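Here is upload-v9.txt, consisting of compact mmCIF, C-alpha atoms and all ligand atoms:
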```txt
# COMPACT_ATOMS: atom_id res chain seq x y z
CA MET A 1 84.78 -18.29 32.10
CA LYS A 2 82.07 -16.28 33.79
CA LYS A 3 81.82 -16.53 37.54
CA ILE A 4 78.27 -16.11 38.78
CA LEU A 5 77.15 -15.92 42.38
CA ILE A 6 73.60 -17.12 43.01
CA THR A 7 72.37 -16.35 46.53
CA GLY A 8 69.64 -18.46 48.12
CA GLY A 9 70.25 -21.32 45.70
CA ALA A 10 69.16 -24.01 48.17
CA GLY A 11 65.73 -22.43 48.55
CA PHE A 12 62.60 -22.93 46.53
CA ILE A 13 63.04 -20.59 43.54
CA GLY A 14 66.83 -20.43 43.90
CA SER A 15 67.23 -24.20 43.52
CA HIS A 16 65.50 -24.12 40.14
CA VAL A 17 67.65 -21.19 39.02
CA VAL A 18 70.86 -22.92 40.13
CA ARG A 19 69.91 -26.16 38.35
CA ARG A 20 69.12 -24.27 35.15
CA PHE A 21 72.36 -22.28 35.13
CA VAL A 22 74.60 -25.23 36.07
CA THR A 23 72.99 -27.42 33.42
CA ASN A 24 72.58 -24.94 30.58
CA TYR A 25 75.83 -23.00 30.96
CA PRO A 26 78.75 -25.40 31.40
CA GLU A 27 81.05 -22.51 30.49
CA TYR A 28 80.00 -20.59 33.64
CA GLN A 29 81.27 -21.29 37.13
CA ILE A 30 78.22 -21.17 39.40
CA PHE A 31 78.67 -20.39 43.09
CA ASN A 32 75.63 -21.08 45.24
CA LEU A 33 75.70 -19.10 48.50
CA ASP A 34 73.05 -20.18 50.98
CA ALA A 35 72.69 -19.92 54.76
CA LEU A 36 70.62 -23.15 54.86
CA THR A 37 67.93 -21.65 57.05
CA TYR A 38 64.72 -23.57 57.77
CA ALA A 39 63.54 -22.98 54.17
CA GLY A 40 66.61 -24.06 52.24
CA ASN A 41 68.27 -27.43 51.99
CA LEU A 42 70.74 -29.10 49.68
CA GLU A 43 68.37 -31.96 48.88
CA ASN A 44 66.69 -29.46 46.55
CA ILE A 45 69.74 -29.55 44.26
CA ALA A 46 71.24 -32.94 45.10
CA ASP A 47 71.12 -33.91 41.40
CA ILE A 48 73.68 -31.28 40.36
CA GLU A 49 75.93 -31.12 43.44
CA HIS A 50 78.81 -32.97 41.72
CA ALA A 51 78.77 -30.90 38.53
CA SER A 52 82.24 -29.57 37.72
CA ASN A 53 80.98 -25.99 37.21
CA TYR A 54 79.20 -25.87 40.58
CA THR A 55 80.41 -24.81 44.03
CA PHE A 56 78.32 -24.59 47.18
CA ILE A 57 79.22 -22.09 49.88
CA LYS A 58 77.39 -22.08 53.18
CA GLY A 59 77.13 -18.55 54.49
CA ASP A 60 74.89 -15.69 55.43
CA ILE A 61 74.59 -12.48 53.40
CA VAL A 62 74.24 -10.49 56.64
CA GLU A 63 77.91 -11.18 57.54
CA THR A 64 79.63 -8.14 56.03
CA ASP A 65 83.27 -9.28 56.37
CA PHE A 66 82.49 -12.75 55.08
CA ILE A 67 80.72 -11.30 52.03
CA ASN A 68 83.52 -8.86 51.28
CA ASP A 69 86.12 -11.63 51.54
CA LEU A 70 84.04 -13.91 49.32
CA PHE A 71 83.76 -11.28 46.58
CA GLN A 72 87.49 -10.43 46.84
CA LYS A 73 88.41 -14.09 46.59
CA HIS A 74 86.22 -15.09 43.65
CA GLN A 75 85.85 -11.83 41.70
CA PHE A 76 82.32 -12.65 40.51
CA ASP A 77 81.21 -11.24 37.14
CA GLY A 78 77.52 -11.47 37.97
CA VAL A 79 75.23 -11.79 40.97
CA ILE A 80 71.73 -13.24 40.92
CA HIS A 81 70.32 -12.40 44.32
CA LEU A 82 67.47 -14.58 45.55
CA ALA A 83 68.37 -15.10 49.23
CA ALA A 84 65.53 -13.67 51.29
CA GLU A 85 63.15 -14.18 54.13
CA SER A 86 59.99 -14.69 52.11
CA HIS A 87 57.00 -15.64 54.24
CA VAL A 88 54.53 -12.82 54.92
CA ASP A 89 53.14 -14.43 58.12
CA ARG A 90 56.63 -14.77 59.61
CA SER A 91 57.33 -11.11 58.77
CA ILE A 92 54.33 -10.12 60.89
CA THR A 93 55.73 -11.87 63.98
CA ASP A 94 59.44 -11.13 63.38
CA PRO A 95 59.86 -8.07 61.13
CA LEU A 96 63.48 -7.44 62.12
CA ALA A 97 64.64 -10.76 60.65
CA PHE A 98 63.30 -9.47 57.32
CA VAL A 99 65.14 -6.16 57.62
CA LYS A 100 68.36 -7.99 58.43
CA THR A 101 68.33 -10.44 55.53
CA ASN A 102 66.36 -8.59 52.89
CA VAL A 103 67.63 -5.06 53.43
CA PHE A 104 70.97 -5.31 55.22
CA GLY A 105 71.96 -8.51 53.41
CA THR A 106 71.20 -6.93 50.03
CA MET A 107 73.25 -3.88 51.03
CA ASN A 108 76.23 -6.11 51.81
CA LEU A 109 76.01 -7.68 48.36
CA LEU A 110 75.67 -4.29 46.65
CA ASN A 111 78.69 -2.90 48.51
CA ALA A 112 80.79 -5.96 47.79
CA ALA A 113 79.89 -5.89 44.08
CA LYS A 114 80.68 -2.18 43.91
CA MET A 115 83.99 -2.80 45.70
CA ILE A 116 85.29 -5.51 43.35
CA TRP A 117 83.91 -4.00 40.16
CA LYS A 118 85.23 -0.55 41.07
CA ASP A 119 84.23 1.68 38.19
CA ASN A 120 84.70 -0.97 35.57
CA PHE A 121 81.18 -2.25 35.05
CA LYS A 122 81.68 -3.67 31.58
CA ASN A 123 80.01 -7.09 31.29
CA LYS A 124 78.99 -7.02 34.96
CA ARG A 125 75.46 -7.41 36.26
CA PHE A 126 73.64 -7.34 39.61
CA TYR A 127 70.26 -9.05 39.31
CA HIS A 128 67.81 -8.52 42.15
CA VAL A 129 64.93 -10.99 42.30
CA SER A 130 61.92 -9.33 43.90
CA THR A 131 58.20 -9.61 44.33
CA ASP A 132 54.98 -8.06 43.03
CA GLU A 133 53.99 -7.39 46.67
CA VAL A 134 56.04 -4.17 46.61
CA TYR A 135 53.18 -2.57 44.65
CA GLY A 136 50.67 -3.13 47.47
CA SER A 137 47.12 -4.27 46.93
CA LEU A 138 44.86 -3.91 43.88
CA GLY A 139 41.10 -3.54 43.97
CA ALA A 140 38.87 -5.76 41.87
CA THR A 141 40.35 -4.46 38.60
CA GLY A 142 43.69 -3.25 37.21
CA LEU A 143 47.15 -4.77 36.86
CA PHE A 144 50.59 -3.99 38.29
CA THR A 145 52.91 -2.55 35.65
CA GLU A 146 56.58 -1.65 36.02
CA THR A 147 55.56 1.98 36.69
CA THR A 148 52.97 1.24 39.39
CA PRO A 149 54.03 3.25 42.50
CA TYR A 150 55.40 1.23 45.40
CA ASP A 151 52.93 0.84 48.26
CA PRO A 152 54.00 -2.15 50.38
CA ASN A 153 51.75 -3.22 53.24
CA SER A 154 53.46 -6.08 55.09
CA PRO A 155 56.87 -6.01 56.80
CA TYR A 156 57.94 -8.57 54.17
CA SER A 157 56.93 -6.42 51.21
CA ALA A 158 58.31 -3.28 52.89
CA SER A 159 61.68 -5.01 53.23
CA LYS A 160 61.66 -6.12 49.59
CA ALA A 161 60.59 -2.63 48.45
CA SER A 162 63.43 -1.15 50.46
CA SER A 163 65.97 -3.50 48.88
CA ASP A 164 64.61 -2.70 45.39
CA HIS A 165 65.09 1.00 46.14
CA PHE A 166 68.67 0.43 47.29
CA VAL A 167 69.50 -1.53 44.14
CA ARG A 168 68.14 1.33 41.99
CA ALA A 169 69.95 3.89 44.16
CA TYR A 170 73.27 2.08 43.55
CA GLY A 171 72.47 2.16 39.84
CA GLU A 172 71.74 5.90 39.87
CA THR A 173 74.48 6.93 42.30
CA TYR A 174 77.39 4.67 41.40
CA GLY A 175 76.38 3.42 37.96
CA LEU A 176 76.08 -0.19 39.17
CA PRO A 177 74.57 -2.23 36.31
CA TYR A 178 71.41 -3.86 37.66
CA VAL A 179 68.17 -5.49 36.64
CA ILE A 180 65.19 -6.14 38.91
CA THR A 181 62.28 -8.51 38.37
CA ASN A 182 59.06 -8.46 40.37
CA CYS A 183 57.29 -11.78 40.19
CA SER A 184 53.90 -13.08 41.26
CA ASN A 185 53.21 -16.14 43.47
CA ASN A 186 55.26 -19.19 42.51
CA TYR A 187 54.35 -22.84 43.03
CA GLY A 188 56.05 -26.13 42.19
CA PRO A 189 58.56 -28.73 43.42
CA ASN A 190 60.70 -27.82 46.50
CA HIS A 191 58.13 -25.29 47.76
CA PHE A 192 58.41 -25.05 51.54
CA PRO A 193 55.12 -26.22 53.11
CA GLU A 194 54.33 -22.98 54.90
CA LYS A 195 52.96 -21.33 51.73
CA LEU A 196 49.40 -21.90 50.57
CA ILE A 197 49.76 -24.61 47.89
CA PRO A 198 52.40 -26.87 49.50
CA LEU A 199 50.91 -26.41 52.99
CA PHE A 200 47.50 -27.49 51.77
CA ILE A 201 48.89 -30.45 49.79
CA ASN A 202 50.73 -31.57 52.91
CA ASN A 203 47.67 -31.11 55.11
CA ILE A 204 45.45 -33.05 52.71
CA ILE A 205 47.98 -35.93 52.71
CA GLN A 206 47.85 -35.87 56.50
CA ASN A 207 44.10 -35.33 56.74
CA LYS A 208 44.61 -32.06 58.63
CA PRO A 209 42.46 -28.86 58.44
CA LEU A 210 43.06 -26.42 55.55
CA PRO A 211 43.20 -22.97 57.20
CA VAL A 212 41.71 -20.46 54.73
CA TYR A 213 42.35 -16.90 55.95
CA GLY A 214 39.28 -14.63 56.25
CA ASP A 215 36.58 -15.34 53.67
CA GLY A 216 39.07 -16.71 51.12
CA ASN A 217 38.18 -13.99 48.62
CA TYR A 218 41.76 -12.85 48.12
CA THR A 219 43.30 -13.07 44.68
CA ARG A 220 46.79 -14.12 43.66
CA ASP A 221 48.44 -14.69 40.28
CA TRP A 222 50.20 -18.08 40.13
CA LEU A 223 53.28 -19.01 38.14
CA PHE A 224 55.01 -22.40 37.86
CA VAL A 225 58.47 -22.00 39.41
CA ILE A 226 60.36 -23.42 36.41
CA ASP A 227 58.80 -20.71 34.24
CA HIS A 228 60.13 -18.17 36.72
CA ALA A 229 63.62 -19.72 36.41
CA ILE A 230 63.36 -19.51 32.60
CA ALA A 231 62.39 -15.83 32.89
CA ILE A 232 65.35 -15.14 35.20
CA ASP A 233 67.72 -16.78 32.71
CA LEU A 234 66.30 -14.61 29.93
CA VAL A 235 66.43 -11.35 31.88
CA PHE A 236 69.94 -12.08 33.17
CA HIS A 237 71.21 -12.54 29.62
CA GLN A 238 69.00 -10.24 27.57
CA GLY A 239 67.37 -7.75 29.92
CA LYS A 240 68.47 -4.12 29.69
CA ASN A 241 70.57 -2.55 32.43
CA HIS A 242 68.72 -0.37 34.94
CA GLU A 243 65.39 -1.91 33.92
CA THR A 244 62.62 -3.62 35.82
CA TYR A 245 60.52 -6.47 34.43
CA ASN A 246 57.31 -7.80 35.94
CA ILE A 247 56.83 -11.56 35.72
CA GLY A 248 53.44 -13.20 36.12
CA GLY A 249 51.44 -16.23 35.16
CA PHE A 250 48.46 -14.55 33.45
CA ASN A 251 46.67 -16.77 35.95
CA GLU A 252 44.56 -15.13 38.67
CA TRP A 253 42.75 -17.21 41.25
CA LYS A 254 40.68 -16.39 44.29
CA ASN A 255 42.19 -18.37 47.17
CA ILE A 256 38.99 -20.26 47.88
CA ASP A 257 38.54 -21.29 44.23
CA LEU A 258 42.15 -22.40 44.05
CA VAL A 259 41.83 -24.39 47.28
CA LYS A 260 38.69 -26.13 46.00
CA LEU A 261 40.45 -26.98 42.71
CA LEU A 262 43.42 -28.35 44.66
CA CYS A 263 41.06 -30.44 46.81
CA ARG A 264 39.46 -31.97 43.71
CA LYS A 265 42.85 -32.76 42.15
CA MET A 266 44.10 -34.29 45.39
CA ASP A 267 40.98 -36.45 45.72
CA ASP A 268 41.63 -37.74 42.18
CA LYS A 269 45.31 -38.44 42.81
CA LEU A 270 44.73 -40.08 46.18
CA GLY A 271 41.74 -42.06 44.93
CA SER A 272 39.56 -40.51 47.65
CA VAL A 273 35.79 -40.14 47.41
CA SER A 274 34.99 -36.82 45.71
CA GLY A 275 34.54 -34.07 48.34
CA THR A 276 36.83 -35.69 50.94
CA SER A 277 39.53 -32.99 50.89
CA GLU A 278 37.04 -30.11 50.70
CA LYS A 279 35.65 -31.17 54.07
CA LEU A 280 39.02 -30.15 55.55
CA ILE A 281 38.53 -26.47 54.60
CA THR A 282 38.40 -24.37 57.78
CA TYR A 283 37.94 -20.61 57.72
CA VAL A 284 40.32 -19.01 60.22
CA LYS A 285 41.20 -15.50 61.45
CA ASP A 286 42.45 -13.28 58.64
CA ARG A 287 46.09 -12.30 58.11
CA PRO A 288 46.56 -8.73 59.45
CA GLY A 289 46.94 -6.24 56.59
CA HIS A 290 46.04 -8.96 54.07
CA ASP A 291 46.45 -7.61 50.51
CA LEU A 292 43.23 -8.16 48.55
CA ARG A 293 44.57 -8.79 45.08
CA TYR A 294 47.82 -9.06 43.14
CA ALA A 295 47.70 -9.20 39.36
CA ILE A 296 50.56 -8.72 36.96
CA ASP A 297 50.83 -7.07 33.59
CA ALA A 298 53.70 -9.12 32.15
CA SER A 299 53.51 -7.55 28.69
CA LYS A 300 56.95 -5.89 28.90
CA ILE A 301 58.90 -9.12 29.37
CA ASN A 302 56.59 -10.73 26.83
CA THR A 303 57.06 -8.17 24.07
CA GLU A 304 60.71 -7.26 24.75
CA LEU A 305 62.13 -10.67 25.57
CA GLY A 306 59.51 -13.06 24.19
CA TRP A 307 58.83 -14.74 27.54
CA ARG A 308 55.54 -16.29 28.51
CA PRO A 309 54.68 -19.24 30.74
CA SER A 310 55.43 -22.59 29.10
CA VAL A 311 52.94 -24.66 31.08
CA THR A 312 49.26 -24.16 31.80
CA PHE A 313 48.08 -24.01 35.40
CA GLU A 314 46.47 -27.45 34.97
CA GLU A 315 49.82 -28.92 33.89
CA GLY A 316 51.84 -27.09 36.51
CA LEU A 317 49.51 -28.07 39.33
CA ALA A 318 49.50 -31.72 38.21
CA LYS A 319 53.33 -31.75 38.11
CA THR A 320 53.43 -30.13 41.55
CA ILE A 321 51.02 -32.58 43.15
CA ASP A 322 52.86 -35.53 41.57
CA TRP A 323 56.17 -34.21 42.88
CA PHE A 324 54.88 -33.85 46.44
CA LEU A 325 53.23 -37.27 46.36
CA SER A 326 56.44 -38.91 45.20
CA ASN A 327 58.59 -36.96 47.64
CA GLU A 328 56.82 -37.58 50.91
CA ASP A 329 60.18 -38.13 52.67
CA TRP A 330 61.27 -34.65 51.61
CA LEU A 331 58.02 -33.28 53.07
CA LYS A 332 58.55 -35.15 56.34
CA ASN A 333 62.18 -34.05 56.61
CA VAL A 334 61.52 -30.36 55.96
CA THR A 335 58.53 -30.17 58.29
CA SER A 336 60.28 -32.05 61.11
CA GLY A 337 63.50 -30.04 60.69
CA GLU A 338 65.48 -33.25 59.98
CA TYR A 339 67.35 -31.73 57.03
CA ALA A 340 68.10 -28.59 59.02
CA LYS A 341 69.63 -30.69 61.82
CA TYR A 342 71.64 -32.76 59.35
CA TYR A 343 73.14 -29.78 57.55
CA GLU A 344 73.77 -27.96 60.81
CA LYS A 345 75.96 -30.89 61.90
CA GLN A 346 77.64 -31.23 58.52
CA TYR A 347 78.65 -27.59 58.34
CA SER A 348 79.40 -26.85 62.01
C1 LIG B 1 49.71 -19.88 54.22
C2 LIG B 1 48.27 -19.49 53.97
C3 LIG B 1 47.95 -18.52 53.05
N1 LIG B 1 46.66 -18.15 52.85
C4 LIG B 1 46.37 -17.09 51.84
C5 LIG B 1 47.15 -15.81 52.04
C6 LIG B 1 47.32 -15.31 50.62
O1 LIG B 1 46.18 -14.58 50.22
C7 LIG B 1 47.42 -16.58 49.77
C8 LIG B 1 48.81 -17.00 49.46
O2 LIG B 1 49.55 -16.96 50.67
P1 LIG B 1 51.10 -17.32 50.72
O3 LIG B 1 51.28 -18.66 50.12
O4 LIG B 1 51.55 -17.11 52.12
O5 LIG B 1 51.75 -16.28 49.72
P2 LIG B 1 51.65 -14.66 49.65
O6 LIG B 1 51.42 -14.08 50.98
O7 LIG B 1 50.73 -14.31 48.55
O8 LIG B 1 53.17 -14.37 49.23
C9 LIG B 1 53.88 -15.18 48.28
O9 LIG B 1 53.90 -14.58 47.02
C10 LIG B 1 54.70 -13.43 46.88
C11 LIG B 1 54.58 -12.96 45.46
O10 LIG B 1 53.30 -12.40 45.28
C12 LIG B 1 56.14 -13.74 47.29
O11 LIG B 1 56.91 -12.57 47.21
C13 LIG B 1 56.16 -14.27 48.71
O12 LIG B 1 57.47 -14.59 49.10
C14 LIG B 1 55.28 -15.49 48.78
O13 LIG B 1 55.24 -15.97 50.10
O14 LIG B 1 46.79 -17.60 50.57
C15 LIG B 1 45.61 -18.79 53.50
O15 LIG B 1 44.43 -18.48 53.29
N2 LIG B 1 45.93 -19.77 54.41
C16 LIG B 1 47.22 -20.14 54.67
O16 LIG B 1 47.43 -21.03 55.54
```

Can you turn what I pasted into structure tokens?
Amino acid sequence: MKKILITGGAGFIGSHVVRRFVTNYPEYQIFNLDALTYAGNLENIADIEHASNYTFIKGDIVETDFINDLFQKHQFDGVIHLAAESHVDRSITDPLAFVKTNVFGTMNLLNAAKMIWKDNFKNKRFYHVSTDEVYGSLGATGLFTETTPYDPNSPYSASKASSDHFVRAYGETYGLPYVITNCSNNYGPNHFPEKLIPLFINNIIQNKPLPVYGDGNYTRDWLFVIDHAIAIDLVFHQGKNHETYNIGGFNEWKNIDLVKLLCRKMDDKLGSVSGTSEKLITYVKDRPGHDLRYAIDASKINTELGWRPSVTFEEGLAKTIDWFLSNEDWLKNVTSGEYAKYYEKQYS
């Protein structure tokens, strides 16, 4: 039986990866390590918590001794590392938290993997899940490829770039078998309502302003989170060692166009008079160092591994809105910190 450690499995993307691995690979033992910070909670994976091939471990990747003991105890065969501080705005106000988790935490995992695998790397794999933001900002044209030079602009992307470099350095220096993926903006169920799409859905439900940064003419490429989980599964099993794969949705949107589309869809779903949600749009002060445009060339993963998104943006957005509208308690509990308080008590 393969023992796989998934870090950050109670978070947004991690929860979809954990569910997929627990469900599709009954022969694997899946260990979900999560610190249950503000952005992660076990409600996200409540449906699989009793599966016989699943174990949850509450813990923080920054705790070196704890991580070393955990790896010694379980002798994992593979690591899929998603635990991260992920919100750009938070990284601007508290950059050190991002260095601690994203850089130091990743280092702890790399060292622990190297320690238990010694020089016997056969059938072992360290998978680092990263972001397209490491490449910096594009102008109006062009696409990020796997060979685009790193040029991170925010403390968040600098921390992810640094951790990518360390993973590659462990590959070069010690022969650690790794793969890295750099993915575009995700959206979907379980998305914490600090990011654009879930924040705006939540604000529309509550009839609150929709704060569009600057003039709204910033471009992002959007991918449904379950398609990201499918890509991670594929790369984990079929990707080549020491390779990087870009993952994207072939789906670029200017923020303001996306927000207007979301407003129209929400009006439909809520049965509001057309134009109701759009009235909530409020232009606010821009994000410092705001990257103009991210766009992904996902042809490598497409041609080498046959991956491409399985849902259109229309379908993905409809599924996302439906999920948020039928999970209003989840929304209330994550925004009020109710879940955080509950799990704090349960695990103290
Ligand atoms: C929260 C918020 C965001 N925005 C803008 C900023 C960005 O141009 C765009 C999307 O913002 P965010 O949802 O914060 O996502 P962004 O900064 O692109 O980063 C996301 O996408 C990255 C992948 O590209 C991930 O690595 C990050 O973890 C994830 O947070 O919307 C607004 O105009 N108003 C807002 O209130």

(request) Go ahead and compute the interatomic distance for CA of Trp222 (chain A) and CA of Asn185 (chain A), in Å to one decimal. (result) 4.9 Å

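With atom C11 of ligand LIG 1 (chain B) on one side and CA of Asn186 (chain A) on the other, the separation reads 6.9 Å.
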
(request) Would you mind listing what lies within 7 Å of Phe121 (chain A) as a PyMOL selection string, with all atoms listed in the file counted and same-chain residues fewer than 4 positions away left out? (result) chain A and resi 117+176-177

(message) Using only C-alpha atoms, list the residues that have an atom at most 6 Å from (37.3, -19.7, 50.7), coordinates as in the file, as an MDAnalysis selection string.
(response) chainID A and resid 215:216 256

Can you write out the residues you just picked, keeping C-alpha atoms, as a compact mmCIF listing (two decimals), keeping the file's coordinate frame?
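Result file follows (part.txt):
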```txt
# COMPACT_ATOMS: atom_id res chain seq x y z
CA ASP A 215 36.58 -15.34 53.67
CA GLY A 216 39.07 -16.71 51.12
CA ILE A 256 38.99 -20.26 47.88
```

Test item: residues at most 10 Å from Lys100 (chain A), only C-alpha atoms, excluding those fewer than 6 positions along its chain, as a PDB file with C-alpha atoms, keeping the file's coordinate frame:
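Result file is selection_34.pdb:
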```pdb
ATOM      1  CA  ILE A  61      74.590 -12.480  53.400  1.00  0.00           C
ATOM      2  CA  VAL A  62      74.240 -10.490  56.640  1.00  0.00           C
ATOM      3  CA  ALA A  84      65.530 -13.670  51.290  1.00  0.00           C
ATOM      4  CA  GLU A  85      63.150 -14.180  54.130  1.00  0.00           C
ATOM      5  CA  THR A 106      71.200  -6.930  50.030  1.00  0.00           C
ATOM      6  CA  MET A 107      73.250  -3.880  51.030  1.00  0.00           C
ATOM      7  CA  SER A 159      61.680  -5.010  53.230  1.00  0.00           C
TER       8      SER A 159
END
```

(message) Can you pull out every residue with an atom within 9 Å of ligand LIG 1 (chain B)? Use only C-alpha atoms and all ligand atoms and format it as a PyMOL selection string.
(response) chain A and resi 84-89+130-134+156-157+160+182-187+193-200+210-222+254-256+259+283-284+286-287+290-295

Please, which residues in region 87-135 of chain A fall within 12 Å of region 27-36 of chain A when counting only C-alpha atoms, and what is the closest atom pair and distance in Å to one decimal for each, ordered by chain then residue number, as a Markdown table?
```
| residue | atom | partner | partner_atom | distance |
| --- | --- | --- | --- | --- |
| A:Thr101 | CA | A:Ala35 | CA | 10.5 |
| A:Gly105 | CA | A:Ala35 | CA | 11.5 |
| A:Leu109 | CA | A:Leu33 | CA | 11.4 |
```

(message) Need the shell around Ala158 (chain A): protein/DNA/RNA residues with any atom at most 10 Å away, counting all atoms listed in the file. Skip same-chain ones fewer than 2 positions apart. Format as a PyMOL selection string?
(response) chain A and resi 91+95+98-99+102-103+133-136+150-156+160-164

(request) Calculate how many Å separate CA of Asn123 (chain A) from CA of His237 (chain A), rounding to one decimal. (result)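 A separation of 10.5 Å between them.
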
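Nearest to Ile230 (chain A) of all the residues A:Pro209, A:Pro309, A:Gly78, A:Pro288 is A:Pro309, based on all atoms listed in the file.
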
(message) So, with all atoms listed in the file as the atoms that count, which of A:Ile13, A:Gly59, A:Glu328, A:Ile45 lies closest to Ser348 (chain A)?
(response)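 Counting all atoms listed in the file, the residue closest to Ser348 (chain A) is A:Gly59.
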
(request) Find the residue from A:Leu258, A:Asn333, A:Asp69, A:Gly142 that sits nearest to Asn108 (chain A); use all atoms listed in the file when measuring. (result)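 Smallest separation from Asn108 (chain A) among the options: A:Asp69.
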
(request) For Val311 (chain A), please output as a PyMOL selection string all residues within 8 Å (counting all atoms listed in the file; exclusion window: fewer than 4 positions along the same chain). (result) chain A and resi 224+227+315-316

(message) Considering all atoms listed in the file, can you say which of A:Asn302, A:Asn111, A:Ser52, A:Thr147 comes closest to Thr64 (chain A)?
(response) A:Asn111

(request) Name the residues, using the chain letters and numbers of the file, that sit within 10 Å of (47.2, -32.3, 52.2) when counting all atoms listed in the file, and give them as a list in words. (result) Ile197, Pro198, Leu199, Phe200, Ile201, Asn202, Asn203, Ile204, Ile205, Gln206, Asn207, Lys208, Pro209, Leu210, Leu262, Cys263, Met266, Asp267, Ser277, Leu280, Ile321, Phe324 and Leu325 of chain A

Could you save those same residues with C-alpha atoms as a tab-separated table (two decimals), keeping the file's coordinate frame?
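Written output follows (part_39.tsv):
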```tsv
chain	number	residue	atom	x	y	z
A	197	ILE	CA	49.76	-24.61	47.89
A	198	PRO	CA	52.40	-26.87	49.50
A	199	LEU	CA	50.91	-26.41	52.99
A	200	PHE	CA	47.50	-27.49	51.77
A	201	ILE	CA	48.89	-30.45	49.79
A	202	ASN	CA	50.73	-31.57	52.91
A	203	ASN	CA	47.67	-31.11	55.11
A	204	ILE	CA	45.45	-33.05	52.71
A	205	ILE	CA	47.98	-35.93	52.71
A	206	GLN	CA	47.85	-35.87	56.50
A	207	ASN	CA	44.10	-35.33	56.74
A	208	LYS	CA	44.61	-32.06	58.63
A	209	PRO	CA	42.46	-28.86	58.44
A	210	LEU	CA	43.06	-26.42	55.55
A	262	LEU	CA	43.42	-28.35	44.66
A	263	CYS	CA	41.06	-30.44	46.81
A	266	MET	CA	44.10	-34.29	45.39
A	267	ASP	CA	40.98	-36.45	45.72
A	277	SER	CA	39.53	-32.99	50.89
A	280	LEU	CA	39.02	-30.15	55.55
A	321	ILE	CA	51.02	-32.58	43.15
A	324	PHE	CA	54.88	-33.85	46.44
A	325	LEU	CA	53.23	-37.27	46.36
```

Emit as JSON the padded axis-aligned box for all listed atoms of region 172-186 of chain A, 4 Å per side, with centre and edge lengths in Å to one decimal.
```
{"center_x": 65.3, "center_y": -6.1, "center_z": 39.9, "size_x": 32.2, "size_y": 34.1, "size_z": 15.2}
```

(request) For each of A:Val22, A:Val167, A:Val129, A:Ile4, take the minimum atom-to-atom distance to Ala83 (chain A), counting only C-alpha atoms, then give the residue where this is smallest. (result) A:Val129

(message) If we count all atoms listed in the file and set the cut-off at 7 Å, which residues sit around His128 (chain A), ignoring sequence neighbours fewer than 6 positions away in its own chain? Please answer as a list in words.
(response)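 Final neighbour list, sorted by chain and number: Ile80, His81, Leu82, Val179, Ile180 and Thr181 of chain A.
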
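Between Asp60 (chain A) and the residues A:Phe144, A:Ile226, A:Tyr25, A:Phe104, the shortest atom-to-atom distance, using only C-alpha atoms, involves A:Phe104.
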